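Below is one structure, written out as structure tokens, with a few remarks after it.
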Amino acid sequence: MTDAPIPGPIDPPARLLMGPGPISAYPSVLRAMSAPLVGQYDPFMTTTMLETQQLYRGVWATSNEATLLVDGTSRAGIEAALVSLIRPGDRVLVPIFGRFGHLLAEIAERAMAEVHTIETEWGQVFPPSVIEEAIVRVRPSLLALVHGDTSTTMMQPLDEIGAVCARHGVLFYTDATASLGGNEFETDAWGLDAATAGLQKCLGGPSGSAPITLSSRAVEILQSRKKIEAGIREPGDPSAPDAVRSNYFDLGMILDYWGPRRLNHHTEATSMLYGARECARVMLLEGRSAVIARHELAGRAMLEGLRALGLAVFGDVAHKMNNVVAVEIPDAVPGDVARAALLEDFGIEIGTSFGPLHGRVWRIGTMGYNARKDAVLTTLAALEAVLMRHGVAVPAGGGVEAATAVYAGAV
């Protein structure tokens with residue numbers, strides 16, 4: 001027992017989350033998550049799961065039947081995909097152009113793969129020819145590639161990679177956590193076998209649910225590794241000798257949970273299911289292409305506004321994601337102090353980065369609910385005030401004017 005006082009109810013401060021994620025959720029997503037719970041086999045629950053699967057086929061631009069959610073953050077989706085698709089000893093190729101390529105390599109290593117990596121300078125991406133050369137040399141069974149890496153804000157083009165993988169018989173997985181919903185993404189057209197994401201970026205929800213889609217080829221691998229746990233196994237159920245080394249992240253059993261069998265693998269995170277369903281519904285209601293265009297416009301307005309404030313943009317802008325930009329922190333400005341001032345004085349959060357970019361850049365996002373004009377202009381005006389406070393000569397109203405011009409031009 002303790003005499004410590006019982007804290008009051010949760011009462012977060014007002015924040016405008018303009019960093020690389022998480023972001024401010026759509027209000028309707030928060031409302032959906034407050035809906036009453038039902039049992040995991042209630043007809044309403046199973047109907048909601050089916051609706052969610054269909055909605056995410058639209059989000060992913062796929063006809064994959066195996067389109068569902070993994071309960072957990074975006075990293076849970078990544079781990080489920082890799083641990084389920086990689087057999088111990090498989091060769092896996094991971095091209096690394098930022099922090100999250102290193103993450104894919106680590107998870108693949110933990111799945112007991114023989115991991116091979118290629119790297120390029122942070123701020124750049126890989127030409128398809130470089131990836132193909134590595135595939136020919138390594139002869140992997142799986143290519144694991146980040147689509148948009150928020151650590152650098154770069155987006156790796158994928159449109160030619162699927163054909164490369166098909167030519168060489170390589171399974172193609174991508175982590176689309178930071179990109180899905182705000183950038184072009186074509187699962188079927190690009191020949192992807194597996195892709196995972198999260199809600200907390202362009203999809204406009206909270207972290208805690210990981211959308212995933214799997215091709216029929218990927219599902220065949222899962223079926224070949226299937227092992228049903230003893231407590232729920234029925235006569236005739238398979239028990240593969242090289243079963244997936246994780247129970248929770250075993251996509252074979254998770255597919256049975258979402259499928260007609262409704263295997264009791266876990267108890268669905270009901271409120272997260274509601275939120276994930278609403279994220280997809282909001283996107284498709286506005287129109288998939290319209291949402292991507294909104295992200296492109298907001299990102300371009302933020303980019304030009306930051307340039308007008310005299311800030312240098314990091315990396316190859318031609319390959320920047322729509323939804324986040326990195327700018328070099330001026331020499332005279334203590335980066336973390338300035339970020340703290342934005343948060344404390346204006347209620348606006350932006351981010352720094354990791355590794356070689358930590359303390360060198362600010363990352364500013366325009367995604368999901370915050371990919372809108374007022375959020376862009378408010379952030380630029382507040383950043384201008386903070387820069388001036390630290391003695392940086394910036395044109396008065398220059399950032400807001402430049403962003404406004406981008407919006408006016410779009411109209």
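By order in the structure tokens, chains are A, B, ...; within a chain, residues start at 1; ligands start at 1, following the order shown.
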For region 116-124 of chain A: contacts at 6 Å, only C-alpha atoms, fewer than 2 positions along chain excluded, given as a list of chain:residue names |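 Skipping anything fewer than 2 positions along the chain leaves A:Leu93, A:Val94, A:Pro95, A:Ile96, A:Phe97, A:Gly98, A:Thr152, A:Gly315, A:Asp316.
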So that I can see what lies close to Gln200 (chain A), please list as an NGL selection string the residues with an atom at most 12 Å from it, counting only C-alpha atoms and leaving out residues fewer than 3 positions away in the same chain.
:A and (17-26 or 29 or 72-75 or 176-182 or 197 or 203-211 or 272 or 275-276 or 279 or 365 or 367-370)
Phe249 (chain A) proximity check over A:Val70, A:Ala230, A:Tyr56, A:Leu37, using only C-alpha atoms: winner is A:Val70
**Residues within 12 Å of Met112 (chain A), only C-alpha atoms, excluding chain neighbours under 5 positions, as a list in words** = Leu82, Val83, Ser84, Leu85, Ile86, Arg87, Pro88, Gly89, Asp90, Arg91, Val92, Ala105, Glu106, Ile107, Val244 and Arg245 of chain A
What separates CA of Arg360 (chain A) and CA of His295 (chain A) is a distance of 25.1 Å
List the neighbours of region 63-69 of chain A out to 10 Å using only C-alpha atoms; skip same-chain residues closer than 4 positions along the sequence, and give me the result as an mmCIF file with N, CA and C atoms, in the first residue's frame.
```cif
data_model
loop_
_atom_site.group_PDB
_atom_site.id
_atom_site.type_symbol
_atom_site.label_atom_id
_atom_site.label_comp_id
_atom_site.auth_asym_id
_atom_site.auth_seq_id
_atom_site.Cartn_x
_atom_site.Cartn_y
_atom_site.Cartn_z
ATOM 1 N N MET A 49 -14.792 -6.464 -38.512
ATOM 2 C CA MET A 49 -13.507 -6.960 -39.001
ATOM 3 C C MET A 49 -13.541 -7.133 -40.516
ATOM 4 N N LEU A 50 -14.614 -7.692 -41.038
ATOM 5 C CA LEU A 50 -14.740 -7.857 -42.480
ATOM 6 C C LEU A 50 -14.778 -6.507 -43.197
ATOM 7 N N THR A 52 -13.427 -3.772 -42.131
ATOM 8 C CA THR A 52 -12.090 -3.192 -42.026
ATOM 9 C C THR A 52 -11.157 -3.789 -43.076
ATOM 10 N N GLN A 53 -11.256 -5.084 -43.286
ATOM 11 C CA GLN A 53 -10.437 -5.722 -44.319
ATOM 12 C C GLN A 53 -10.735 -5.129 -45.694
ATOM 13 N N GLN A 54 -12.000 -4.968 -46.005
ATOM 14 C CA GLN A 54 -12.367 -4.429 -47.311
ATOM 15 C C GLN A 54 -11.903 -2.981 -47.468
ATOM 16 N N LEU A 55 -12.042 -2.195 -46.426
ATOM 17 C CA LEU A 55 -11.586 -0.800 -46.483
ATOM 18 C C LEU A 55 -10.078 -0.730 -46.737
ATOM 19 N N TYR A 56 -9.329 -1.573 -46.074
ATOM 20 C CA TYR A 56 -7.871 -1.513 -46.247
ATOM 21 C C TYR A 56 -7.410 -2.065 -47.595
ATOM 22 N N ARG A 57 -8.208 -2.879 -48.237
ATOM 23 C CA ARG A 57 -7.871 -3.239 -49.614
ATOM 24 C C ARG A 57 -7.888 -1.978 -50.482
ATOM 25 N N GLY A 58 -8.827 -1.090 -50.200
ATOM 26 C CA GLY A 58 -8.854 0.181 -50.919
ATOM 27 C C GLY A 58 -7.678 1.066 -50.576
ATOM 28 N N GLY A 77 3.692 -4.941 -36.853
ATOM 29 C CA GLY A 77 3.416 -5.387 -38.217
ATOM 30 C C GLY A 77 4.685 -5.800 -38.935
ATOM 31 N N THR A 187 0.080 -1.423 -54.235
ATOM 32 C CA THR A 187 0.516 -2.758 -53.833
ATOM 33 C C THR A 187 0.551 -3.740 -54.999
ATOM 34 N N ASP A 188 -0.558 -3.869 -55.699
ATOM 35 C CA ASP A 188 -0.636 -4.860 -56.778
ATOM 36 C C ASP A 188 0.170 -4.433 -57.992
ATOM 37 N N ASP A 193 4.750 -8.382 -52.327
ATOM 38 C CA ASP A 193 4.253 -9.595 -51.696
ATOM 39 C C ASP A 193 3.778 -9.357 -50.269
ATOM 40 N N ALA A 194 4.317 -8.356 -49.619
ATOM 41 C CA ALA A 194 3.907 -8.036 -48.253
ATOM 42 C C ALA A 194 4.223 -6.576 -47.983
ATOM 43 N N ALA A 195 3.338 -5.920 -47.267
ATOM 44 C CA ALA A 195 3.559 -4.528 -46.879
ATOM 45 C C ALA A 195 2.861 -4.288 -45.555
ATOM 46 N N THR A 196 3.488 -3.471 -44.716
ATOM 47 C CA THR A 196 2.932 -3.151 -43.403
ATOM 48 C C THR A 196 2.981 -1.652 -43.181
ATOM 49 N N ALA A 197 2.142 -1.182 -42.267
ATOM 50 C CA ALA A 197 2.097 0.254 -41.961
ATOM 51 C C ALA A 197 1.643 0.444 -40.525
ATOM 52 N N GLY A 198 1.398 1.692 -40.161
ATOM 53 C CA GLY A 198 0.844 2.069 -38.866
ATOM 54 C C GLY A 198 -0.198 3.146 -39.092
ATOM 55 N N SER A 209 -2.093 -0.049 -34.007
ATOM 56 C CA SER A 209 -2.647 -1.031 -34.932
ATOM 57 C C SER A 209 -1.826 -0.975 -36.211
ATOM 58 N N ALA A 210 -1.509 -2.157 -36.768
ATOM 59 C CA ALA A 210 -0.617 -2.232 -37.924
ATOM 60 C C ALA A 210 -1.325 -2.882 -39.109
ATOM 61 N N PRO A 211 -1.805 -2.090 -40.064
ATOM 62 C CA PRO A 211 -2.374 -2.676 -41.284
ATOM 63 C C PRO A 211 -1.313 -3.473 -42.042
ATOM 64 N N ILE A 212 -1.733 -4.601 -42.597
ATOM 65 C CA ILE A 212 -0.816 -5.463 -43.350
ATOM 66 C C ILE A 212 -1.570 -6.065 -44.522
ATOM 67 N N THR A 213 -0.875 -6.238 -45.638
ATOM 68 C CA THR A 213 -1.458 -6.934 -46.783
ATOM 69 C C THR A 213 -0.436 -7.929 -47.314
ATOM 70 N N LEU A 214 -0.934 -9.091 -47.742
ATOM 71 C CA LEU A 214 -0.083 -10.207 -48.145
ATOM 72 C C LEU A 214 -0.576 -10.793 -49.456
ATOM 73 N N SER A 215 0.338 -11.014 -50.384
ATOM 74 C CA SER A 215 -0.007 -11.632 -51.657
ATOM 75 C C SER A 215 -0.289 -13.121 -51.456
ATOM 76 N N SER A 216 -0.862 -13.743 -52.477
ATOM 77 C CA SER A 216 -1.127 -15.177 -52.401
ATOM 78 C C SER A 216 0.179 -15.948 -52.260
ATOM 79 N N ALA A 218 2.867 -14.932 -50.632
ATOM 80 C CA ALA A 218 3.259 -14.823 -49.234
ATOM 81 C C ALA A 218 2.407 -15.747 -48.368
ATOM 82 N N VAL A 219 1.110 -15.815 -48.664
ATOM 83 C CA VAL A 219 0.214 -16.679 -47.881
ATOM 84 C C VAL A 219 0.616 -18.145 -48.011
ATOM 85 N N LEU A 251 1.673 -15.060 -38.445
ATOM 86 C CA LEU A 251 0.624 -14.587 -39.348
ATOM 87 C C LEU A 251 -0.283 -15.721 -39.835
ATOM 88 N N ILE A 254 -2.843 -15.776 -37.204
ATOM 89 C CA ILE A 254 -3.596 -14.513 -37.249
ATOM 90 C C ILE A 254 -4.552 -14.508 -38.437
ATOM 91 N N LEU A 255 -4.124 -15.074 -39.572
ATOM 92 C CA LEU A 255 -5.023 -15.177 -40.723
ATOM 93 C C LEU A 255 -6.237 -16.036 -40.395
ATOM 94 N N TRP A 258 -8.686 -13.954 -38.402
ATOM 95 C CA TRP A 258 -9.455 -13.016 -39.220
ATOM 96 C C TRP A 258 -10.305 -13.729 -40.266
ATOM 97 N N GLY A 259 -10.019 -14.997 -40.529
ATOM 98 C CA GLY A 259 -10.742 -15.719 -41.563
ATOM 99 C C GLY A 259 -11.980 -16.410 -41.049
ATOM 100 N N GLU A 268 -9.088 -9.559 -29.827
ATOM 101 C CA GLU A 268 -8.913 -8.372 -30.663
ATOM 102 C C GLU A 268 -8.951 -7.101 -29.822
ATOM 103 N N MET A 272 -8.969 -0.233 -30.888
ATOM 104 C CA MET A 272 -8.036 0.018 -31.979
ATOM 105 C C MET A 272 -8.636 -0.406 -33.315
ATOM 106 N N LEU A 273 -9.388 -1.503 -33.311
ATOM 107 C CA LEU A 273 -10.079 -1.915 -34.532
ATOM 108 C C LEU A 273 -11.021 -0.822 -35.005
ATOM 109 N N ALA A 276 -8.874 2.018 -36.422
ATOM 110 C CA ALA A 276 -8.270 1.668 -37.709
ATOM 111 C C ALA A 276 -9.317 1.675 -38.817
ATOM 112 N N ARG A 277 -10.488 1.152 -38.515
ATOM 113 C CA ARG A 277 -11.577 1.166 -39.492
ATOM 114 C C ARG A 277 -11.918 2.596 -39.894
#
```
Using only C-alpha atoms, find the one residue out of A:Thr270, A:Ile348, A:Leu297, A:Leu343 that sits nearest to Ala405 (chain A).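 Comparing A:Thr270, A:Ile348, A:Leu297, A:Leu343 against Ala405 (chain A), the winner is A:Leu297.
For the pair CA of Ser271 (chain A) and CA of Ile10 (chain A), the interatomic distance is 17.4 Å.
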- Item | Separation of CA of Asn323 (chain A) from CA of Met302 (chain A) in Å |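 Interatomic distance, CA of Met302 (chain A) to CA of Asn323 (chain A): 9.4 Å.
Using only C-alpha atoms, the smallest distance between any of A:Glu296, A:Glu220, A:Glu278, A:Glu51 and Lys373 (chain A) comes from A:Glu296.
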Using backbone DSSP assignments, extract all strand (DSSP E) residues from region 204-331 of chain A; output them as a ChimeraX atom specification. /A:209-214,324-328
Export of prior selection with all heavy atoms as a PDB file, in the first residue's frame:
```pdb
ATOM      1  N   SER A 209      -2.093  -0.049 -34.007  1.00  0.00           N
ATOM      2  CA  SER A 209      -2.647  -1.031 -34.932  1.00  0.00           C
ATOM      3  C   SER A 209      -1.826  -0.975 -36.211  1.00  0.00           C
ATOM      4  O   SER A 209      -1.478   0.112 -36.685  1.00  0.00           O
ATOM      5  CB  SER A 209      -4.119  -0.720 -35.230  1.00  0.00           C
ATOM      6  OG  SER A 209      -4.687  -1.723 -36.049  1.00  0.00           O
ATOM      7  N   ALA A 210      -1.509  -2.157 -36.768  1.00  0.00           N
ATOM      8  CA  ALA A 210      -0.617  -2.232 -37.924  1.00  0.00           C
ATOM      9  C   ALA A 210      -1.325  -2.882 -39.109  1.00  0.00           C
ATOM     10  O   ALA A 210      -1.443  -4.113 -39.161  1.00  0.00           O
ATOM     11  CB  ALA A 210       0.643  -3.010 -37.565  1.00  0.00           C
ATOM     12  N   PRO A 211      -1.805  -2.090 -40.064  1.00  0.00           N
ATOM     13  CA  PRO A 211      -2.374  -2.676 -41.284  1.00  0.00           C
ATOM     14  C   PRO A 211      -1.313  -3.473 -42.042  1.00  0.00           C
ATOM     15  O   PRO A 211      -0.157  -3.065 -42.130  1.00  0.00           O
ATOM     16  CB  PRO A 211      -2.823  -1.452 -42.086  1.00  0.00           C
ATOM     17  CG  PRO A 211      -2.956  -0.342 -41.084  1.00  0.00           C
ATOM     18  CD  PRO A 211      -1.911  -0.619 -40.056  1.00  0.00           C
ATOM     19  N   ILE A 212      -1.733  -4.601 -42.597  1.00  0.00           N
ATOM     20  CA  ILE A 212      -0.816  -5.463 -43.350  1.00  0.00           C
ATOM     21  C   ILE A 212      -1.570  -6.065 -44.522  1.00  0.00           C
ATOM     22  O   ILE A 212      -2.771  -6.336 -44.416  1.00  0.00           O
ATOM     23  CB  ILE A 212      -0.227  -6.566 -42.450  1.00  0.00           C
ATOM     24  CG1 ILE A 212       0.792  -7.425 -43.208  1.00  0.00           C
ATOM     25  CG2 ILE A 212      -1.315  -7.436 -41.846  1.00  0.00           C
ATOM     26  CD1 ILE A 212       1.580  -8.373 -42.308  1.00  0.00           C
ATOM     27  N   THR A 213      -0.875  -6.238 -45.638  1.00  0.00           N
ATOM     28  CA  THR A 213      -1.458  -6.934 -46.783  1.00  0.00           C
ATOM     29  C   THR A 213      -0.436  -7.929 -47.314  1.00  0.00           C
ATOM     30  O   THR A 213       0.769  -7.654 -47.331  1.00  0.00           O
ATOM     31  CB  THR A 213      -1.929  -5.947 -47.870  1.00  0.00           C
ATOM     32  OG1 THR A 213      -2.671  -6.670 -48.867  1.00  0.00           O
ATOM     33  CG2 THR A 213      -0.775  -5.202 -48.507  1.00  0.00           C
ATOM     34  N   LEU A 214      -0.934  -9.091 -47.742  1.00  0.00           N
ATOM     35  CA  LEU A 214      -0.083 -10.207 -48.145  1.00  0.00           C
ATOM     36  C   LEU A 214      -0.576 -10.793 -49.456  1.00  0.00           C
ATOM     37  O   LEU A 214      -1.776 -11.062 -49.619  1.00  0.00           O
ATOM     38  CB  LEU A 214      -0.096 -11.294 -47.070  1.00  0.00           C
ATOM     39  CG  LEU A 214       0.356 -10.868 -45.669  1.00  0.00           C
ATOM     40  CD1 LEU A 214      -0.189 -11.836 -44.625  1.00  0.00           C
ATOM     41  CD2 LEU A 214       1.871 -10.809 -45.599  1.00  0.00           C
ATOM     42  N   VAL A 324       6.650  14.874 -44.899  1.00  0.00           N
ATOM     43  CA  VAL A 324       7.621  15.315 -43.897  1.00  0.00           C
ATOM     44  C   VAL A 324       8.833  15.889 -44.600  1.00  0.00           C
ATOM     45  O   VAL A 324       9.227  15.425 -45.664  1.00  0.00           O
ATOM     46  CB  VAL A 324       8.000  14.147 -42.943  1.00  0.00           C
ATOM     47  CG1 VAL A 324       8.664  13.016 -43.709  1.00  0.00           C
ATOM     48  CG2 VAL A 324       8.861  14.616 -41.798  1.00  0.00           C
ATOM     49  N   VAL A 325       9.403  16.931 -44.009  1.00  0.00           N
ATOM     50  CA  VAL A 325      10.583  17.585 -44.566  1.00  0.00           C
ATOM     51  C   VAL A 325      11.599  17.776 -43.444  1.00  0.00           C
ATOM     52  O   VAL A 325      11.228  18.021 -42.291  1.00  0.00           O
ATOM     53  CB  VAL A 325      10.218  18.939 -45.223  1.00  0.00           C
ATOM     54  CG1 VAL A 325       9.580  19.889 -44.215  1.00  0.00           C
ATOM     55  CG2 VAL A 325      11.425  19.585 -45.872  1.00  0.00           C
ATOM     56  N   ALA A 326      12.875  17.660 -43.790  1.00  0.00           N
ATOM     57  CA  ALA A 326      13.954  17.927 -42.831  1.00  0.00           C
ATOM     58  C   ALA A 326      14.700  19.171 -43.273  1.00  0.00           C
ATOM     59  O   ALA A 326      15.021  19.328 -44.450  1.00  0.00           O
ATOM     60  CB  ALA A 326      14.918  16.740 -42.761  1.00  0.00           C
ATOM     61  N   VAL A 327      14.966  20.078 -42.314  1.00  0.00           N
ATOM     62  CA  VAL A 327      15.723  21.290 -42.612  1.00  0.00           C
ATOM     63  C   VAL A 327      16.914  21.376 -41.661  1.00  0.00           C
ATOM     64  O   VAL A 327      16.847  20.942 -40.510  1.00  0.00           O
ATOM     65  CB  VAL A 327      14.855  22.563 -42.479  1.00  0.00           C
ATOM     66  CG1 VAL A 327      13.833  22.625 -43.604  1.00  0.00           C
ATOM     67  CG2 VAL A 327      14.182  22.647 -41.121  1.00  0.00           C
ATOM     68  N   GLU A 328      18.000  21.939 -42.172  1.00  0.00           N
ATOM     69  CA  GLU A 328      19.203  22.115 -41.371  1.00  0.00           C
ATOM     70  C   GLU A 328      18.936  23.175 -40.296  1.00  0.00           C
ATOM     71  O   GLU A 328      18.369  24.237 -40.575  1.00  0.00           O
ATOM     72  CB  GLU A 328      20.364  22.577 -42.257  1.00  0.00           C
ATOM     73  CG  GLU A 328      20.675  21.630 -43.415  1.00  0.00           C
ATOM     74  CD  GLU A 328      21.623  20.525 -43.020  1.00  0.00           C
ATOM     75  OE1 GLU A 328      22.068  20.510 -41.847  1.00  0.00           O
ATOM     76  OE2 GLU A 328      21.926  19.671 -43.879  1.00  0.00           O
TER      77      GLU A 328
END
```
Please return as a PyMOL selection string: the residues of region 122-153 of chain A that backbone DSSP assigns to helix (DSSP H, G or I). chain A and resi 128-138
| field | Which residue of A:His147, A:Arg233, A:Lys226, A:Arg167 approaches Ile135 (chain A) most closely, using only C-alpha atoms | value |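 Of all the options, A:Arg167 lies closest to Ile135 (chain A).
Each of A:Pro241, A:Pro5, A:Gly236, A:Gly191 was compared to Ser224 (chain A) using only C-alpha atoms, and A:Pro241 turns out to be the nearest.
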Using only C-alpha atoms, which of the listed residues (A:Ile131, A:Val394, A:Met154, A:Leu199) sits closest to Ala280 (chain A)?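 Using only C-alpha atoms, the shortest distance to Ala280 (chain A) belongs to A:Leu199.
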